[in-house]
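Novice: Contents of run-v9.cif (mmCIF, C-alpha atoms):
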data_final
#
loop_
_atom_site.label_atom_id
_atom_site.label_comp_id
_atom_site.auth_asym_id
_atom_site.auth_seq_id
_atom_site.Cartn_x
_atom_site.Cartn_y
_atom_site.Cartn_z
CA MET A 1 269.29 110.88 -27.97
CA ILE A 2 267.84 112.52 -31.10
CA LYS A 3 264.70 114.50 -30.24
CA GLY A 4 263.88 116.02 -33.64
CA LEU A 5 265.27 118.13 -36.45
CA TYR A 6 266.37 121.56 -35.23
CA GLU A 7 267.35 123.30 -38.45
CA ALA A 8 267.31 123.15 -42.21
CA HIS A 9 268.86 125.51 -44.77
CA LEU A 10 267.96 126.77 -48.23
CA PRO A 11 269.84 128.93 -50.76
CA VAL A 12 268.16 132.18 -51.88
CA SER A 13 269.12 134.78 -54.47
CA ASN A 14 267.64 137.82 -52.69
CA LEU A 15 267.48 137.62 -48.91
CA GLU A 16 265.11 140.58 -48.49
CA ASN A 17 262.56 139.14 -50.97
CA SER A 18 262.81 135.75 -49.26
CA ILE A 19 262.29 137.30 -45.82
CA VAL A 20 259.02 138.83 -47.06
CA PHE A 21 257.94 135.48 -48.57
CA TYR A 22 258.61 133.42 -45.42
CA GLN A 23 256.98 136.06 -43.22
CA LYS A 24 253.85 135.73 -45.42
CA LEU A 25 253.89 132.04 -44.46
CA GLY A 26 253.71 133.17 -40.82
CA LEU A 27 257.28 132.37 -39.81
CA GLU A 28 258.94 134.65 -37.24
CA LEU A 29 262.31 136.16 -38.17
CA ALA A 30 264.67 134.95 -35.43
CA TYR A 31 268.02 136.31 -36.62
CA LYS A 32 269.46 138.25 -39.54
CA LYS A 33 273.05 139.20 -40.20
CA GLY A 34 274.68 139.90 -43.53
CA LYS A 35 273.54 137.35 -46.08
CA VAL A 36 271.84 134.93 -43.68
CA ALA A 37 268.49 134.92 -41.91
CA PHE A 38 266.89 132.37 -39.61
CA PHE A 39 263.15 131.90 -39.07
CA TRP A 40 261.51 130.07 -36.21
CA ILE A 41 259.33 127.20 -37.37
CA VAL A 42 258.56 126.30 -33.75
CA LYS A 43 260.37 128.70 -31.40
CA GLY A 44 263.11 126.91 -29.50
CA GLU A 45 262.45 123.65 -31.37
CA SER A 46 263.18 124.21 -35.06
CA TRP A 47 264.28 126.91 -37.44
CA LEU A 48 265.02 127.56 -41.08
CA GLY A 49 268.21 129.21 -42.33
CA LEU A 50 268.14 131.17 -45.60
CA TRP A 51 271.51 131.89 -47.20
CA GLU A 52 271.83 134.50 -49.94
CA SER A 53 274.14 133.10 -52.57
CA ASP A 54 275.21 133.53 -56.18
CA SER A 55 274.88 129.73 -56.52
CA VAL A 56 271.11 129.43 -56.09
CA GLU A 57 270.66 128.04 -59.58
CA LEU A 58 271.55 124.54 -58.42
CA LYS A 59 269.63 121.89 -60.28
CA TYR A 60 266.63 120.96 -58.13
CA HIS A 61 266.83 117.73 -56.21
CA PRO A 62 264.70 116.98 -53.11
CA SER A 63 267.80 116.11 -51.13
CA ILE A 64 269.15 119.67 -51.28
CA ARG A 65 266.32 122.07 -52.12
CA HIS A 66 263.22 120.73 -50.39
CA LEU A 67 261.61 121.50 -47.05
CA ALA A 68 258.38 120.09 -45.61
CA PHE A 69 256.47 121.91 -42.89
CA LYS A 70 254.27 119.72 -40.69
CA ILE A 71 250.69 120.93 -40.33
CA ASP A 72 247.63 119.51 -38.61
CA GLU A 73 245.23 117.42 -40.67
CA GLU A 74 242.45 119.89 -39.85
CA ASP A 75 244.43 122.68 -41.60
CA LEU A 76 244.41 120.76 -44.91
CA LYS A 77 240.85 121.96 -45.48
CA ARG A 78 241.92 125.59 -45.79
CA VAL A 79 245.62 125.59 -46.71
CA LYS A 80 245.15 125.86 -50.48
CA GLU A 81 242.80 128.86 -50.14
CA TRP A 82 245.16 130.45 -47.62
CA LEU A 83 248.18 130.06 -49.96
CA SER A 84 246.15 131.62 -52.78
CA SER A 85 245.12 134.53 -50.53
CA ILE A 86 248.80 135.41 -49.95
CA GLY A 87 249.71 135.06 -53.63
CA ILE A 88 251.34 131.62 -53.57
CA GLU A 89 250.42 129.06 -56.23
CA VAL A 90 250.15 125.34 -55.55
CA ARG A 91 252.28 123.50 -58.10
CA THR A 92 251.85 120.15 -59.82
CA GLU A 93 253.63 117.31 -58.02
CA PHE A 94 253.60 113.55 -58.64
CA GLY A 95 251.47 114.30 -61.71
CA LEU A 96 248.70 115.81 -59.57
CA THR A 97 247.77 119.42 -60.35
CA SER A 98 246.68 122.00 -57.80
CA GLU A 99 243.06 120.94 -58.36
CA HIS A 100 243.97 117.46 -57.05
CA GLN A 101 245.80 118.70 -53.98
CA PRO A 102 246.14 118.13 -51.15
CA LEU A 103 247.42 114.80 -52.39
CA VAL A 104 248.16 111.63 -50.48
CA LEU A 105 251.66 110.18 -50.73
CA SER A 106 252.06 106.44 -50.92
CA ASN A 107 254.88 105.96 -48.44
CA TYR A 108 254.03 102.31 -47.72
CA PRO A 109 253.08 101.39 -45.01
CA HIS A 110 252.22 105.02 -44.23
CA ALA A 111 249.92 107.63 -45.74
CA HIS A 112 250.73 111.35 -45.63
CA ALA A 113 248.68 114.21 -47.08
CA ALA A 114 250.63 117.05 -48.67
CA ILE A 115 250.40 120.19 -50.75
CA TYR A 116 253.34 121.56 -52.76
CA PHE A 117 254.49 125.07 -53.66
CA SER A 118 257.75 126.92 -54.31
CA ASP A 119 259.57 129.88 -52.81
CA PRO A 120 260.80 132.76 -55.03
CA ASP A 121 263.98 130.80 -55.87
CA GLY A 122 262.23 127.57 -56.84
CA ASN A 123 263.02 125.76 -53.59
CA SER A 124 260.40 123.07 -53.12
CA LEU A 125 258.15 123.62 -50.11
CA GLU A 126 255.52 121.31 -48.77
CA PHE A 127 252.87 121.27 -46.07
CA ILE A 128 252.47 117.69 -44.86
CA THR A 129 250.54 115.76 -42.23
CA PRO A 130 250.48 112.06 -41.38
CA LEU A 131 247.11 110.38 -42.00
CA ARG A 132 247.83 106.76 -41.06
CA LEU A 133 251.08 105.19 -39.94
CA ASP A 134 252.23 101.56 -40.00
CA ASP A 135 248.97 100.10 -41.29
CA MET A 136 248.41 101.08 -44.91
CA GLU A 137 248.34 98.82 -47.92
CA SER A 138 250.31 99.95 -50.95
CA PHE A 139 248.54 102.48 -53.20
CA ASN A 140 249.44 105.13 -55.79
CA GLU A 141 249.47 108.86 -55.10
CA MET A 142 245.99 110.33 -55.32
CA SER A 143 243.99 113.33 -54.22
CA LEU A 144 243.02 113.51 -50.56
CA GLU A 145 239.37 113.49 -51.63
CA GLU A 146 239.88 110.23 -53.52
CA TRP A 147 241.90 108.72 -50.66
CA ARG A 148 239.16 109.50 -48.16
CA LYS A 149 236.61 107.71 -50.36
CA CYS A 150 238.84 104.61 -50.59
CA TYR A 151 240.67 104.39 -47.25
CA SER A 152 239.23 106.67 -44.60
CA VAL A 153 237.86 105.03 -41.49
#
Would you kindly transcribe this structure into structure tokens?

Specialist:
Amino acid sequence: MIKGLYEAHLPVSNLENSIVFYQKLGLELAYKKGKVAFFWIVKGESWLGLWESDSVELKYHPSIRHLAFKIDEEDLKRVKEWLSSIGIEVRTEFGLTSEHQPLVLSNYPHAHAAIYFSDPDGNSLEFITPLRLDDMESFNEMSLEEWRKCYSV
């Protein structure tokens, strides 16, 4: 019965600043009322709710303050430059700095390429794309460039 994930939610300290940030990412504002705003990720399929709150300073943990946006593998070539052009810095993740991203996650037996950044409230955001599913040997996280040299077919 489950067809996908329809919505996810993040806490924000200033809704108006967050609206500007998520619009820079290209998301369409779907609904705004009071201290909540929703953005379409894919219209009619998935959206993101932002909730202005005094309790944004929750200690970061991926289970409550992380969101990954799926992108096409082809877009990995330009995503870092695009983020930079709109004033968003790629952050270090899994010990790999922005120079080593996109990185490849070792989700055995799968391989996913990802790039990490943060919203104005420190919520962890990620662009991710599957590279190979159900047929990878175990490996450690590495840059996409390094992965392609070792594992690309």

Novice: Please measure the separation of CA of Leu96 (chain A) and CA of Asp119 (chain A), giving the value in Å to one decimal.

Specialist: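 Between CA of Leu96 (chain A) and CA of Asp119 (chain A) the gap works out to 19.0 Å.
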
Novice: Extract, using all atoms listed in the file, all DNA, RNA and protein residues at most 7 Å from Leu48 (chain A), discarding same-chain residues fewer than 2 positions from it, and format them as a list in words.

Specialist: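 Contacts, in chain order: Glu7, Ala8, His9, Phe38, Phe39, Trp40, Ile41 and Leu50 of chain A.
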
Novice: With a distance cut-off of 6 Å and all atoms listed in the file, select the neighbouring residues of Ala114 (chain A), excluding the residue or stretch itself and same-chain residues fewer than 3 positions from it, and output the selection as a ChimeraX atom specification.

Specialist: /A:102-103,127-128

Novice: In Å, with one decimal, what is the gap from CA of Trp51 (chain A) to CA of Ala68 (chain A)?

Specialist: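 Interatomic distance, CA of Trp51 (chain A) to CA of Ala68 (chain A): 17.7 Å.
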
Novice: Determine, counting only C-alpha atoms, every residue of protein, DNA or RNA that lies within 12 Å of (254.6, 120.3, -42.8) in the file coordinates, then give the result as a PyMOL selection string.

Specialist: chain A and resi 25+41-42+66-73+75-76+79+112-117+125-130

Novice: Determine the residue set returned by the PyMOL selection byres ((chain A and resi 136) around 9) for the present structure, and present it as number ranges by chain.

Specialist: A: 106-111, 132-135, 137-139, 151

Novice: Figure out the distance between CA of Arg78 (chain A) and CA of Thr97 (chain A), please, to one decimal in Å.

Specialist: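 Interatomic distance here is 16.9 Å.
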
Novice: I would like the residues chosen by the PyMOL selection byres ((chain A and resi 16) around 12) on the shown file; could you give them as a ChimeraX atom specification?

Specialist: /A:12-15,17-23,29,32-37,50-52,120

Novice: Write out as a list in words which residues come within 10 Å of Ile86 (chain A) when counting all atoms listed in the file, dropping same-chain ones fewer than 2 positions away.

Specialist: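 Result of the neighbour search: Phe21, Lys24, Leu25, Glu81, Trp82, Leu83, Ser84, Ile88 and Glu89 of chain A.
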
Novice: When distances are computed from all atoms listed in the file, which of A:Ser143, A:Leu131, A:Asp54, A:Asp121 shows the smallest separation from Thr92 (chain A)?

Specialist: A:Ser143
